[in-house]
file run-v9.tsv (TSV, C-alpha atoms and all ligand atoms)
chain	number	residue	atom	x	y	z
M	1	MET	CA	94.04	140.99	125.33
M	2	ARG	CA	96.40	138.84	127.43
M	3	LYS	CA	96.49	135.16	126.46
M	4	ASP	CA	97.39	133.60	129.81
M	5	PHE	CA	96.04	134.44	133.26
M	6	LEU	CA	98.26	136.86	135.20
M	7	GLU	CA	98.44	135.51	138.73
M	8	PHE	CA	97.96	138.02	141.51
M	9	SER	CA	101.10	137.33	143.55
M	10	PRO	CA	103.23	134.25	142.82
M	11	PRO	CA	106.53	133.94	144.69
M	12	VAL	CA	109.71	134.94	142.87
M	13	ILE	CA	111.92	131.86	143.29
M	14	GLY	CA	115.09	131.30	141.28
M	15	ASP	CA	117.77	128.64	141.04
M	16	ASP	CA	119.60	130.21	143.99
M	17	GLU	CA	116.67	129.45	146.27
M	18	VAL	CA	116.24	125.94	144.84
M	19	ASN	CA	119.94	125.19	145.34
M	20	ALA	CA	119.96	126.57	148.88
M	21	VAL	CA	116.97	124.44	149.88
M	22	VAL	CA	118.46	121.32	148.26
M	23	GLU	CA	121.73	121.92	150.08
M	24	THR	CA	119.90	122.00	153.40
M	25	LEU	CA	117.89	118.90	152.50
M	26	ARG	CA	121.13	117.08	151.74
M	27	SER	CA	122.68	118.15	155.05
M	28	SER	CA	122.15	116.32	158.30
M	29	TRP	CA	120.07	119.13	159.85
M	30	ILE	CA	116.75	120.24	158.33
M	31	THR	CA	114.81	121.79	161.20
M	32	THR	CA	115.72	124.77	163.42
M	33	GLY	CA	119.50	125.01	163.45
M	34	PRO	CA	122.42	126.83	161.85
M	35	LYS	CA	120.47	128.22	158.85
M	36	THR	CA	117.75	129.61	161.10
M	37	LYS	CA	120.40	131.19	163.35
M	38	GLU	CA	122.09	132.72	160.31
M	39	PHE	CA	118.77	134.01	158.96
M	40	GLU	CA	117.96	135.65	162.30
M	41	LYS	CA	121.43	137.19	162.44
M	42	LYS	CA	121.31	138.60	158.90
M	43	PHE	CA	117.77	139.93	159.38
M	44	ALA	CA	118.78	141.49	162.69
M	45	GLU	CA	121.84	143.13	161.13
M	46	LYS	CA	119.92	144.53	158.20
M	47	PHE	CA	117.00	145.91	160.18
M	48	GLY	CA	118.72	146.88	163.41
M	49	ALA	CA	116.87	144.55	165.73
M	50	ALA	CA	117.07	141.41	167.81
M	51	ALA	CA	115.11	138.81	165.84
M	52	LEU	CA	113.36	135.50	166.40
M	53	ALA	CA	112.41	133.38	163.37
M	54	VAL	CA	109.10	131.53	163.68
M	55	ASN	CA	106.78	129.64	161.35
M	56	SER	CA	104.41	132.56	160.59
M	57	CYS	CA	103.65	136.17	161.34
M	58	THR	CA	100.58	134.92	163.18
M	59	ALA	CA	102.87	132.87	165.45
M	60	ALA	CA	105.06	135.94	166.01
M	61	LEU	CA	102.04	138.06	166.99
M	62	HIS	CA	100.67	135.35	169.31
M	63	THR	CA	104.05	134.81	170.95
M	64	ALA	CA	104.49	138.56	171.46
M	65	LEU	CA	101.12	138.91	173.22
M	66	VAL	CA	101.92	135.99	175.52
M	67	GLY	CA	105.40	137.39	176.11
M	68	LEU	CA	103.85	140.68	177.23
M	69	GLY	CA	101.53	138.83	179.60
M	70	ILE	CA	98.34	139.95	177.84
M	71	GLY	CA	95.38	137.77	178.71
M	72	PRO	CA	91.78	137.55	179.96
M	73	GLY	CA	90.28	140.85	181.02
M	74	ASP	CA	92.69	142.88	178.90
M	75	GLU	CA	91.88	144.98	175.84
M	76	VAL	CA	94.03	145.42	172.76
M	77	ILE	CA	93.28	148.23	170.31
M	78	THR	CA	93.63	147.40	166.64
M	79	THR	CA	92.26	148.08	163.17
M	80	PRO	CA	89.38	146.50	161.24
M	81	MET	CA	91.40	146.86	158.00
M	82	THR	CA	93.54	143.78	158.47
M	83	PHE	CA	93.85	140.07	158.00
M	84	CYS	CA	91.96	137.99	160.55
M	85	SER	CA	95.09	136.71	162.28
M	86	THR	CA	95.84	140.13	163.82
M	87	VAL	CA	92.59	139.91	165.75
M	88	ASN	CA	92.43	136.13	166.15
M	89	VAL	CA	95.59	136.10	168.28
M	90	ILE	CA	94.04	138.66	170.64
M	91	GLU	CA	91.05	136.33	171.06
M	92	GLN	CA	93.38	133.36	171.49
M	93	VAL	CA	95.06	134.88	174.55
M	94	GLY	CA	91.60	135.59	175.98
M	95	ALA	CA	91.78	139.36	175.58
M	96	ARG	CA	89.27	141.61	173.82
M	97	PRO	CA	90.13	143.20	170.50
M	98	VAL	CA	88.89	146.79	170.40
M	99	LEU	CA	88.58	148.02	166.83
M	100	VAL	CA	88.97	151.65	165.85
M	101	ASP	CA	88.47	153.09	162.39
M	102	VAL	CA	91.17	153.94	159.87
M	103	GLU	CA	92.45	157.11	158.20
M	104	PRO	CA	90.77	157.78	154.83
M	105	ASP	CA	94.02	158.13	152.86
M	106	THR	CA	96.38	155.38	154.09
M	107	LEU	CA	93.64	153.15	155.57
M	108	ASN	CA	95.99	152.73	158.54
M	109	ILE	CA	94.67	152.91	162.10
M	110	ASP	CA	93.63	156.48	162.97
M	111	PRO	CA	95.67	157.62	166.00
M	112	ASP	CA	93.00	160.17	167.03
M	113	LYS	CA	90.50	157.36	167.39
M	114	VAL	CA	92.98	155.18	169.26
M	115	GLU	CA	93.18	157.75	172.05
M	116	ASP	CA	89.37	157.72	172.41
M	117	ALA	CA	89.30	153.93	172.71
M	118	VAL	CA	91.75	153.65	175.62
M	119	THR	CA	90.15	152.36	178.84
M	120	ALA	CA	91.48	151.15	182.19
M	121	LYS	CA	91.62	147.64	180.66
M	122	THR	CA	93.70	148.57	177.62
M	123	LYS	CA	97.09	146.86	177.64
M	124	ALA	CA	98.37	147.26	174.10
M	125	ILE	CA	97.93	148.81	170.67
M	126	MET	CA	98.41	146.59	167.60
M	127	PRO	CA	98.79	148.84	164.57
M	128	VAL	CA	99.06	147.24	161.13
M	129	HIS	CA	101.30	148.80	158.49
M	130	TYR	CA	98.62	148.29	155.87
M	131	THR	CA	99.98	147.51	152.36
M	132	GLY	CA	103.48	148.41	153.63
M	133	HIS	CA	102.74	152.08	154.37
M	134	PRO	CA	103.97	152.69	157.92
M	135	VAL	CA	101.43	153.77	160.50
M	136	ASP	CA	101.86	157.21	162.12
M	137	LEU	CA	104.18	155.71	164.72
M	138	ASP	CA	105.03	158.96	166.53
M	139	ALA	CA	101.35	159.41	167.33
M	140	VAL	CA	100.83	155.74	168.29
M	141	TYR	CA	103.90	155.55	170.57
M	142	ASP	CA	102.98	158.88	172.13
M	143	ILE	CA	99.56	157.55	173.13
M	144	ALA	CA	101.16	154.31	174.33
M	145	LYS	CA	103.64	156.20	176.48
M	146	ARG	CA	101.02	158.45	178.05
M	147	HIS	CA	98.73	155.52	178.89
M	148	ASN	CA	101.46	152.99	179.71
M	149	LEU	CA	100.56	150.60	176.90
M	150	PHE	CA	102.60	148.12	174.88
M	151	VAL	CA	102.79	148.42	171.10
M	152	VAL	CA	102.92	145.29	168.93
M	153	GLU	CA	103.33	146.26	165.30
M	154	ASP	CA	101.81	143.94	162.72
M	155	ALA	CA	104.50	144.37	160.09
M	156	ALA	CA	103.31	141.51	157.87
M	157	HIS	CA	103.40	143.88	154.88
M	158	ALA	CA	106.25	146.08	156.02
M	159	VAL	CA	109.57	144.33	155.57
M	160	SER	CA	112.04	147.08	154.55
M	161	ALA	CA	109.50	149.89	155.09
M	162	GLN	CA	110.81	152.94	156.91
M	163	TYR	CA	109.23	155.54	159.15
M	164	LYS	CA	111.16	158.81	159.46
M	165	GLY	CA	114.36	157.20	158.25
M	166	ARG	CA	114.33	154.08	160.41
M	167	TYR	CA	113.35	150.57	159.46
M	168	ILE	CA	110.12	149.13	160.84
M	169	GLY	CA	111.18	146.70	163.57
M	170	SER	CA	114.42	148.49	164.40
M	171	GLY	CA	115.47	149.86	167.76
M	172	GLY	CA	113.86	147.33	170.08
M	173	THR	CA	110.29	147.86	168.87
M	174	ILE	CA	108.08	144.79	168.83
M	175	ALA	CA	107.16	143.98	165.24
M	176	ALA	CA	105.96	140.81	163.52
M	177	PHE	CA	106.88	140.17	159.88
M	178	SER	CA	105.42	137.63	157.45
M	179	PHE	CA	107.28	135.52	154.90
M	180	TYR	CA	104.11	133.91	153.58
M	181	ALA	CA	104.29	132.93	149.89
M	182	THR	CA	102.81	136.21	148.60
M	183	LYS	CA	104.97	138.52	150.70
M	184	ASN	CA	107.84	140.79	149.56
M	185	MET	CA	110.25	138.03	150.58
M	186	THR	CA	109.17	134.50	151.35
M	187	THR	CA	110.06	131.29	153.16
M	188	ALA	CA	106.79	129.67	151.90
M	189	GLU	CA	105.44	130.03	155.44
M	190	GLY	CA	107.37	131.94	158.06
M	191	GLY	CA	107.68	134.99	160.22
M	192	MET	CA	110.09	137.07	162.26
M	193	LEU	CA	109.59	138.79	165.60
M	194	THR	CA	111.74	141.75	166.58
M	195	GLY	CA	112.13	143.42	169.95
M	196	THR	CA	114.70	144.10	172.63
M	197	PRO	CA	117.21	141.24	173.08
M	198	ASP	CA	115.62	140.30	176.43
M	199	PHE	CA	112.11	140.24	175.04
M	200	VAL	CA	113.17	138.22	172.00
M	201	GLU	CA	114.91	135.63	174.21
M	202	LYS	CA	111.80	135.35	176.38
M	203	CYS	CA	109.72	134.86	173.24
M	204	ARG	CA	112.17	132.26	171.95
M	205	ILE	CA	111.33	130.07	174.95
M	206	ILE	CA	107.59	130.70	174.60
M	207	SER	CA	107.74	129.88	170.90
M	208	LEU	CA	109.31	126.45	171.47
M	209	HIS	CA	107.50	124.44	174.14
M	210	GLY	CA	108.80	126.70	176.91
M	211	MET	CA	112.03	124.72	176.81
M	212	SER	CA	115.24	126.21	178.13
M	213	ARG	CA	117.28	124.74	175.27
M	214	ASP	CA	116.32	124.13	171.66
M	215	ALA	CA	117.05	120.92	169.73
M	216	TRP	CA	120.14	122.30	168.01
M	217	ASN	CA	121.58	123.06	171.41
M	218	ARG	CA	120.82	119.53	172.57
M	219	TYR	CA	121.80	117.36	169.60
M	220	SER	CA	124.88	119.16	168.29
M	221	LYS	CA	128.28	118.08	169.57
M	222	GLU	CA	128.64	121.20	171.70
M	223	GLY	CA	125.11	120.72	173.06
M	224	SER	CA	123.78	118.97	176.12
M	225	TRP	CA	120.78	116.66	176.42
M	226	TYR	CA	119.46	118.43	179.50
M	227	TYR	CA	116.64	120.99	179.30
M	228	GLU	CA	113.90	122.31	181.51
M	229	VAL	CA	110.34	123.31	180.66
M	230	LEU	CA	109.79	126.76	182.08
M	231	LEU	CA	106.23	127.31	180.83
M	232	PRO	CA	103.73	125.61	178.50
M	233	GLY	CA	104.98	127.10	175.23
M	234	PHE	CA	104.05	126.71	171.57
M	235	LYS	CA	105.58	124.84	168.61
M	236	TYR	CA	106.30	127.83	166.41
M	237	ASN	CA	109.90	127.27	165.29
M	238	MET	CA	111.14	127.91	161.75
M	239	THR	CA	112.91	125.06	159.93
M	240	ASP	CA	116.35	125.33	158.31
M	241	ILE	CA	114.67	124.47	155.00
M	242	GLN	CA	112.59	127.65	155.30
M	243	ALA	CA	115.53	129.69	156.59
M	244	SER	CA	117.78	128.66	153.69
M	245	LEU	CA	115.09	129.97	151.33
M	246	GLY	CA	114.78	133.12	153.44
M	247	LEU	CA	118.52	133.80	153.39
M	248	VAL	CA	118.54	133.96	149.59
M	249	GLN	CA	115.36	136.05	149.49
M	250	LEU	CA	116.84	138.49	152.00
M	251	GLU	CA	119.86	138.94	149.71
M	252	LYS	CA	117.50	139.75	146.85
M	253	LEU	CA	115.14	141.94	148.85
M	254	GLU	CA	116.61	145.27	147.79
M	255	SER	CA	116.32	144.42	144.10
M	256	PHE	CA	112.77	143.13	144.67
M	257	GLN	CA	111.89	146.42	146.37
M	258	LEU	CA	113.30	148.49	143.51
M	259	ARG	CA	111.22	146.55	141.02
M	260	ARG	CA	108.08	146.94	143.13
M	261	ALA	CA	108.60	150.71	143.33
M	262	GLU	CA	109.16	150.86	139.57
M	263	ILE	CA	105.88	149.04	138.90
M	264	VAL	CA	104.01	151.30	141.32
M	265	ALA	CA	105.38	154.36	139.50
M	266	LYS	CA	104.16	152.97	136.17
M	267	TYR	CA	100.69	152.25	137.57
M	268	ASN	CA	100.44	155.67	139.21
M	269	GLN	CA	101.62	157.47	136.09
M	270	GLU	CA	98.68	156.08	134.12
M	271	PHE	CA	95.94	155.77	136.70
M	272	LYS	CA	96.28	159.32	138.01
M	273	ASN	CA	94.74	160.53	134.75
M	274	TYR	CA	91.31	159.02	135.48
M	275	ASP	CA	88.84	160.47	137.97
M	276	ALA	CA	87.26	157.02	138.35
M	277	LEU	CA	90.54	155.89	139.96
M	278	GLU	CA	92.28	156.98	143.13
M	279	ILE	CA	95.94	155.94	143.39
M	280	PRO	CA	97.55	154.93	146.71
M	281	VAL	CA	99.30	157.54	148.86
M	282	ALA	CA	102.86	157.47	150.18
M	283	LYS	CA	103.44	160.16	152.79
M	284	ALA	CA	106.67	162.14	152.79
M	285	GLU	CA	107.95	160.74	156.10
M	286	VAL	CA	107.77	157.09	155.02
M	287	GLU	CA	109.52	154.63	152.77
M	288	HIS	CA	106.65	152.48	151.52
M	289	ALA	CA	107.31	148.72	151.31
M	290	TRP	CA	104.77	148.43	148.49
M	291	HIS	CA	103.57	145.00	149.49
M	292	LEU	CA	100.21	145.78	147.90
M	293	TYR	CA	98.97	148.16	145.25
M	294	VAL	CA	95.46	149.03	146.41
M	295	LEU	CA	93.49	150.98	143.84
M	296	LYS	CA	90.41	152.86	145.07
M	297	LEU	CA	87.50	153.22	142.65
M	298	ASN	CA	85.42	156.38	142.62
M	299	LEU	CA	82.17	154.50	142.25
M	300	GLN	CA	80.15	157.63	141.38
M	301	ALA	CA	82.22	157.92	138.21
M	302	LEU	CA	81.52	154.32	137.15
M	303	ARG	CA	78.48	152.30	136.08
M	304	ILE	CA	79.85	149.12	137.66
M	305	ASN	CA	80.74	148.27	141.23
M	306	ARG	CA	84.00	146.91	142.62
M	307	ASN	CA	82.99	143.25	142.27
M	308	GLN	CA	82.04	143.78	138.64
M	309	PHE	CA	85.32	145.62	138.07
M	310	ILE	CA	87.17	142.56	139.40
M	311	GLU	CA	85.13	140.29	137.12
M	312	GLU	CA	85.97	142.51	134.14
M	313	LEU	CA	89.66	142.21	135.01
M	314	LYS	CA	89.33	138.46	135.29
M	315	VAL	CA	87.74	138.31	131.82
M	316	ARG	CA	90.87	140.15	130.63
M	317	ASN	CA	93.07	137.55	132.37
M	318	ILE	CA	94.20	139.80	135.21
M	319	GLY	CA	94.21	138.34	138.73
M	320	THR	CA	93.32	140.62	141.64
M	321	SER	CA	92.43	140.46	145.31
M	322	VAL	CA	90.73	142.55	148.00
M	323	HIS	CA	92.59	143.59	151.15
M	324	PHE	CA	90.69	143.29	153.35
M	325	ILE	CA	87.16	142.27	154.20
M	326	PRO	CA	87.02	144.39	157.38
M	327	ILE	CA	87.17	142.33	160.56
M	328	HIS	CA	83.81	143.55	161.89
M	329	LEU	CA	81.98	142.04	158.89
M	330	HIS	CA	83.18	138.49	159.63
M	331	PRO	CA	80.49	136.43	161.38
M	332	TYR	CA	82.56	135.56	164.48
M	333	TYR	CA	83.42	139.19	165.28
M	334	ARG	CA	80.14	140.64	164.02
M	335	ASP	CA	78.08	138.32	166.21
M	336	LYS	CA	80.31	138.29	169.29
M	337	TYR	CA	80.58	142.08	169.52
M	338	GLY	CA	77.34	143.06	167.75
M	339	TYR	CA	79.08	145.14	165.10
M	340	LYS	CA	77.17	146.89	162.32
M	341	PRO	CA	78.90	147.61	158.98
M	342	GLU	CA	78.69	151.37	159.61
M	343	ASP	CA	80.41	151.12	163.00
M	344	PHE	CA	83.69	151.75	161.18
M	345	PRO	CA	82.52	153.88	158.25
M	346	VAL	CA	85.92	154.65	156.73
M	347	ALA	CA	86.90	150.98	156.65
M	348	PHE	CA	83.47	149.90	155.41
M	349	ASN	CA	83.10	152.53	152.69
M	350	ASN	CA	86.60	151.94	151.40
M	351	TYR	CA	86.16	148.17	151.49
M	352	GLN	CA	83.44	148.56	148.88
M	353	ARG	CA	85.70	150.39	146.46
M	354	ILE	CA	89.15	148.81	146.81
M	355	LEU	CA	90.93	146.17	144.82
M	356	SER	CA	94.55	145.03	144.82
M	357	LEU	CA	96.35	144.78	141.48
M	358	PRO	CA	99.23	142.38	140.74
M	359	LEU	CA	102.43	143.71	142.31
M	360	HIS	CA	105.52	141.55	142.61
M	361	ALA	CA	109.13	141.60	141.49
M	362	GLY	CA	108.51	138.95	138.82
M	363	LEU	CA	106.16	141.11	136.73
M	364	SER	CA	107.59	141.95	133.31
M	365	ASP	CA	107.08	145.33	131.65
M	366	ASN	CA	104.59	143.61	129.35
M	367	ASP	CA	102.66	142.25	132.32
M	368	VAL	CA	102.49	145.74	133.80
M	369	GLN	CA	101.29	147.15	130.47
M	370	ASP	CA	98.62	144.42	130.29
M	371	VAL	CA	97.32	145.38	133.74
M	372	ILE	CA	97.28	149.07	132.84
M	373	ALA	CA	95.58	148.42	129.48
M	374	ALA	CA	92.90	146.26	131.10
M	375	VAL	CA	92.13	148.76	133.88
M	376	VAL	CA	92.01	151.70	131.47
M	377	GLU	CA	89.79	149.81	129.05
M	378	ILE	CA	87.31	148.99	131.81
M	379	VAL	CA	87.29	152.56	133.09
M	380	LYS	CA	86.61	153.93	129.60
M	381	LYS	CA	83.94	151.34	128.87
M	382	TYR	CA	81.99	151.86	132.10
M	383	ARG	CA	82.50	155.53	132.99
M	384	ARG	CA	79.38	157.48	133.72
M	401	LIG	C1	98.15	142.25	158.01
M	401	LIG	C2	98.51	140.82	158.19
M	401	LIG	N1	98.81	140.35	159.41
M	401	LIG	C3	99.16	139.08	159.61
M	401	LIG	C4	99.22	138.17	158.59
M	401	LIG	C5	99.58	136.76	158.88
M	401	LIG	O1	100.76	136.36	158.28
M	401	LIG	P1	101.15	134.81	158.26
M	401	LIG	O2	100.42	134.18	157.14
M	401	LIG	O3	102.64	134.82	158.04
M	401	LIG	O4	100.80	134.25	159.57
M	401	LIG	C6	98.91	138.59	157.29
M	401	LIG	C7	98.97	137.62	156.20
M	401	LIG	O5	98.73	137.82	155.09
M	401	LIG	C8	98.55	139.94	157.09
M	401	LIG	O6	98.23	140.37	155.86
call {"tool": "encode", "arguments": {"input": "run-v9.tsv", "output": "structure tokens", "more": "lines below"}}
Ligand SMILES: Cc1ncc(COP(=O)(O)O)c(C=O)c1O
result
Amino acid sequence: MRKDFLEFSPPVIGDDEVNAVVETLRSSWITTGPKTKEFEKKFAEKFGAAALAVNSCTAALHTALVGLGIGPGDEVITTPMTFCSTVNVIEQVGARPVLVDVEPDTLNIDPDKVEDAVTAKTKAIMPVHYTGHPVDLDAVYDIAKRHNLFVVEDAAHAVSAQYKGRYIGSGGTIAAFSFYATKNMTTAEGGMLTGTPDFVEKCRIISLHGMSRDAWNRYSKEGSWYYEVLLPGFKYNMTDIQASLGLVQLEKLESFQLRRAEIVAKYNQEFKNYDALEIPVAKAEVEHAWHLYVLKLNLQALRINRNQFIEELKVRNIGTSVHFIPIHLHPYYRDKYGYKPEDFPVAFNNYQRILSLPLHAGLSDNDVQDVIAAVVEIVKKYRR
């Protein structure tokens, strides 16, 4: 058995990142400035988008909704299989989140159910590329087009994922990425919003006090002190400290992604041999970002439940997580909208049998073997 505890998802930070951050700290400009501009530019070039760096994916989602003018009286269709911030931002603009159930294989929003949920009040669809597996975007954009709806993609898990050969966030689509500490690339906290150049520039103003000119454009030699407040905006800007970390992580992203895919292949190779385990899918038309490795347990084949399975892994020094506790089970949403667990049966039933295994570019082959050995041992010990 493993001697030390294997953390679920620590960041992969090397000397390059440390040096880049120190260099920024030693410079005369540490908040939004040249590094943030460079980070936006490099991200935009790589993913084929106009890009706005902000301090979280949540901030990017919130800014996008405000930028689209979504507010009280409006409805936004989204998934219960997500992190709370997807839905919280809809509440924060005063709109109503309308949940629809997910597909049984990918656990992504089910486009057939989206169509049924459209009403005269619907303004937007917010699909989430759950675990980094792109949503069926053709189907989602087709519904959006027919009903004149906006699409805001929650791409927190999907940096470098592709749908039918194009990057998520490319081509003027509105997508919000996360660089939170556990993500495929990190700035500790941070996010990026993509969209058309016009939309991104509008969101830039919303994201920073509604000011016509940011601080870099006021305090630098070429800048001017004068600005105007055009609307009551937020304080969502990314700092140059974060951006300097992000620039190095972006350089390393491809190698991180290769390592993630390698680990997934090793997990799948072993776990596919056990009927108590169901391995994650990756459909032919997508390039999976593999942010998370979500293993589904076939509970009928086991004498223990998911929570006990997690405890058994912990005893064997393997850290795990669960993505996600479906939104409709959280007290705020359950009570406000009167949801019952079975209202979204696919999300609810899968919630009871999923767990996320360690998956990050810093895992050694030995770490991966330890995870596999622990899972297999538990399956053998508790099979029915
Ligand atoms: C699906 C999803 N959306 C949004 C977020 C929010 O990201 P951030 O922490 O960058 O605001 C997360 C964070 O984990 C997430 O998993």
call {"tool": "residues_near_ligand", "arguments": {"input": "run-v9.tsv", "ligand": "ligand LIG 401 (chain M)", "cutoff": "9 Å", "atoms": "all atoms listed in the file", "output": "PyMOL selection string"}}
result
chain M and resi 55-61+81-87+128-131+154-157+176-183+189-192+323-324
call {"tool": "write_last_selection", "arguments": {"input": "run-v9.tsv", "atoms": "C-alpha atoms", "output": "CSV table (one decimal), in the frame of the given file"}}
result
chain,number,residue,atom,x,y,z
M,55,ASN,CA,106.8,129.6,161.4
M,56,SER,CA,104.4,132.6,160.6
M,57,CYS,CA,103.6,136.2,161.3
M,58,THR,CA,100.6,134.9,163.2
M,59,ALA,CA,102.9,132.9,165.4
M,60,ALA,CA,105.1,135.9,166.0
M,61,LEU,CA,102.0,138.1,167.0
M,81,MET,CA,91.4,146.9,158.0
M,82,THR,CA,93.5,143.8,158.5
M,83,PHE,CA,93.8,140.1,158.0
M,84,CYS,CA,92.0,138.0,160.6
M,85,SER,CA,95.1,136.7,162.3
M,86,THR,CA,95.8,140.1,163.8
M,87,VAL,CA,92.6,139.9,165.8
M,128,VAL,CA,99.1,147.2,161.1
M,129,HIS,CA,101.3,148.8,158.5
M,130,TYR,CA,98.6,148.3,155.9
M,131,THR,CA,100.0,147.5,152.4
M,154,ASP,CA,101.8,143.9,162.7
M,155,ALA,CA,104.5,144.4,160.1
M,156,ALA,CA,103.3,141.5,157.9
M,157,HIS,CA,103.4,143.9,154.9
M,176,ALA,CA,106.0,140.8,163.5
M,177,PHE,CA,106.9,140.2,159.9
M,178,SER,CA,105.4,137.6,157.4
M,179,PHE,CA,107.3,135.5,154.9
M,180,TYR,CA,104.1,133.9,153.6
M,181,ALA,CA,104.3,132.9,149.9
M,182,THR,CA,102.8,136.2,148.6
M,183,LYS,CA,105.0,138.5,150.7
M,189,GLU,CA,105.4,130.0,155.4
M,190,GLY,CA,107.4,131.9,158.1
M,191,GLY,CA,107.7,135.0,160.2
M,192,MET,CA,110.1,137.1,162.3
M,323,HIS,CA,92.6,143.6,151.2
M,324,PHE,CA,90.7,143.3,153.4
call {"tool": "residues_around", "arguments": {"input": "run-v9.tsv", "residues": "segment 363-372 of chain M", "least_positions_apart": "4", "cutoff": "12 Å", "atoms": "only C-alpha atoms", "output": "PyMOL selection string"}}
result
chain M and resi 1-12+256+259-274+277+293+295+310+312-314+316-320+356-359+376-379
call {"tool": "closest_residue", "arguments": {"input": "run-v9.tsv", "among": "M:Ile325, M:Ile241, M:Leu253, M:Glu311", "to": "Ser28 of chain M", "atoms": "all atoms listed in the file"}}
result
M:Ile241
call {"tool": "atom_distance", "arguments": {"input": "run-v9.tsv", "atom1": "atom CA of Ser244 of chain M", "atom2": "atom CA of Val22 of chain M"}}
result
9.2 Å
call {"tool": "closest_residue", "arguments": {"input": "run-v9.tsv", "among": "M:Pro232, M:Pro97, M:Gly338, M:Gly195", "to": "Pro80 of chain M", "atoms": "only C-alpha atoms"}}
result
M:Pro97
call {"tool": "residues_around", "arguments": {"input": "run-v9.tsv", "residues": "Val93 of chain M", "least_positions_apart": "5", "cutoff": "9 Å", "atoms": "only C-alpha atoms", "output": "MDAnalysis selection string"}}
result
chainID M and resid 62 65:66 70:72 88
call {"tool": "closest_residue", "arguments": {"input": "run-v9.tsv", "among": "M:Gln249, M:Gln92, M:Asn148, M:Ser220", "to": "Trp29 of chain M", "atoms": "only C-alpha atoms"}}
result
M:Ser220
call {"tool": "atom_distance", "arguments": {"input": "run-v9.tsv", "atom1": "atom CA of Leu299 of chain M", "atom2": "atom CA of Ile354 of chain M"}}
result
10.1 Å
call {"tool": "atom_distance", "arguments": {"input": "run-v9.tsv", "atom1": "atom CA of Asn298 of chain M", "atom2": "atom CA of Ala374 of chain M"}}
result
17.1 Å
call {"tool": "closest_residue", "arguments": {"input": "run-v9.tsv", "among": "M:His147, M:Arg353, M:Lys252, M:Lys123", "to": "Ser160 of chain M", "atoms": "only C-alpha atoms"}}
result
M:Lys252
call {"tool": "closest_residue", "arguments": {"input": "run-v9.tsv", "among": "M:Leu245, M:Pro104, M:Ala175, M:Ser170", "to": "Met126 of chain M", "atoms": "only C-alpha atoms"}}
result
M:Ala175
call {"tool": "axis_aligned_box", "arguments": {"input": "run-v9.tsv", "around": "segment 260-263 of chain M", "padding_each_side": "3 Å", "output": "AutoDock Vina command-line options"}}
result
--center_x 107.5 --center_y 148.9 --center_z 141.1 --size_x 9.3 --size_y 9.9 --size_z 10.4
call {"tool": "closest_residue", "arguments": {"input": "run-v9.tsv", "among": "M:Ile90, M:Leu137, M:Leu230, M:Val248", "to": "Asp15 of chain M", "atoms": "all atoms listed in the file"}}
result
M:Val248
call {"tool": "residues_near_point", "arguments": {"input": "run-v9.tsv", "point": "(98.7, 157.4, 165.9)", "cutoff": "6 Å", "atoms": "only C-alpha atoms", "output": "list in words"}}
result
Asp110, Pro111, Asp136, Leu137, Ala139 and Val140 of chain M
call {"tool": "write_last_selection", "arguments": {"input": "run-v9.tsv", "atoms": "C-alpha atoms", "output": "CSV table (one decimal), keeping the file's coordinate frame"}}
result
chain,number,residue,atom,x,y,z
M,110,ASP,CA,93.6,156.5,163.0
M,111,PRO,CA,95.7,157.6,166.0
M,136,ASP,CA,101.9,157.2,162.1
M,137,LEU,CA,104.2,155.7,164.7
M,139,ALA,CA,101.4,159.4,167.3
M,140,VAL,CA,100.8,155.7,168.3
call {"tool": "decode", "arguments": {"input": "run-v9.tsv", "residues": "segment 227-250 of chain M", "atoms": "C-alpha atoms", "output": "JSON list (two decimals), in the first residue's frame"}}
result
[["chain", "number", "residue", "atom", "x", "y", "z"],
["M", 227, "TYR", "CA", -11.69, 57.97, -18.10],
["M", 228, "GLU", "CA", -15.45, 57.76, -18.03],
["M", 229, "VAL", "CA", -17.73, 55.34, -16.20],
["M", 230, "LEU", "CA", -20.15, 53.98, -18.75],
["M", 231, "LEU", "CA", -22.04, 51.56, -16.47],
["M", 232, "PRO", "CA", -21.75, 50.17, -12.93],
["M", 233, "GLY", "CA", -19.30, 47.35, -13.68],
["M", 234, "PHE", "CA", -17.51, 44.73, -11.61],
["M", 235, "LYS", "CA", -13.94, 44.35, -10.28],
["M", 236, "TYR", "CA", -13.04, 41.17, -12.11],
["M", 237, "ASN", "CA", -9.63, 41.94, -13.61],
["M", 238, "MET", "CA", -6.73, 39.47, -13.67],
["M", 239, "THR", "CA", -3.40, 40.58, -12.18],
["M", 240, "ASP", "CA", -0.05, 40.43, -14.00],
["M", 241, "ILE", "CA", 1.15, 38.10, -11.25],
["M", 242, "GLN", "CA", -1.55, 35.60, -12.27],
["M", 243, "ALA", "CA", -0.98, 36.21, -15.98],
["M", 244, "SER", "CA", 2.76, 35.57, -15.72],
["M", 245, "LEU", "CA", 1.94, 32.19, -14.16],
["M", 246, "GLY", "CA", -0.65, 31.58, -16.87],
["M", 247, "LEU", "CA", 1.78, 32.36, -19.69],
["M", 248, "VAL", "CA", 4.14, 29.62, -18.55],
["M", 249, "GLN", "CA", 1.29, 27.16, -17.99],
["M", 250, "LEU", "CA", -0.07, 27.88, -21.46]]
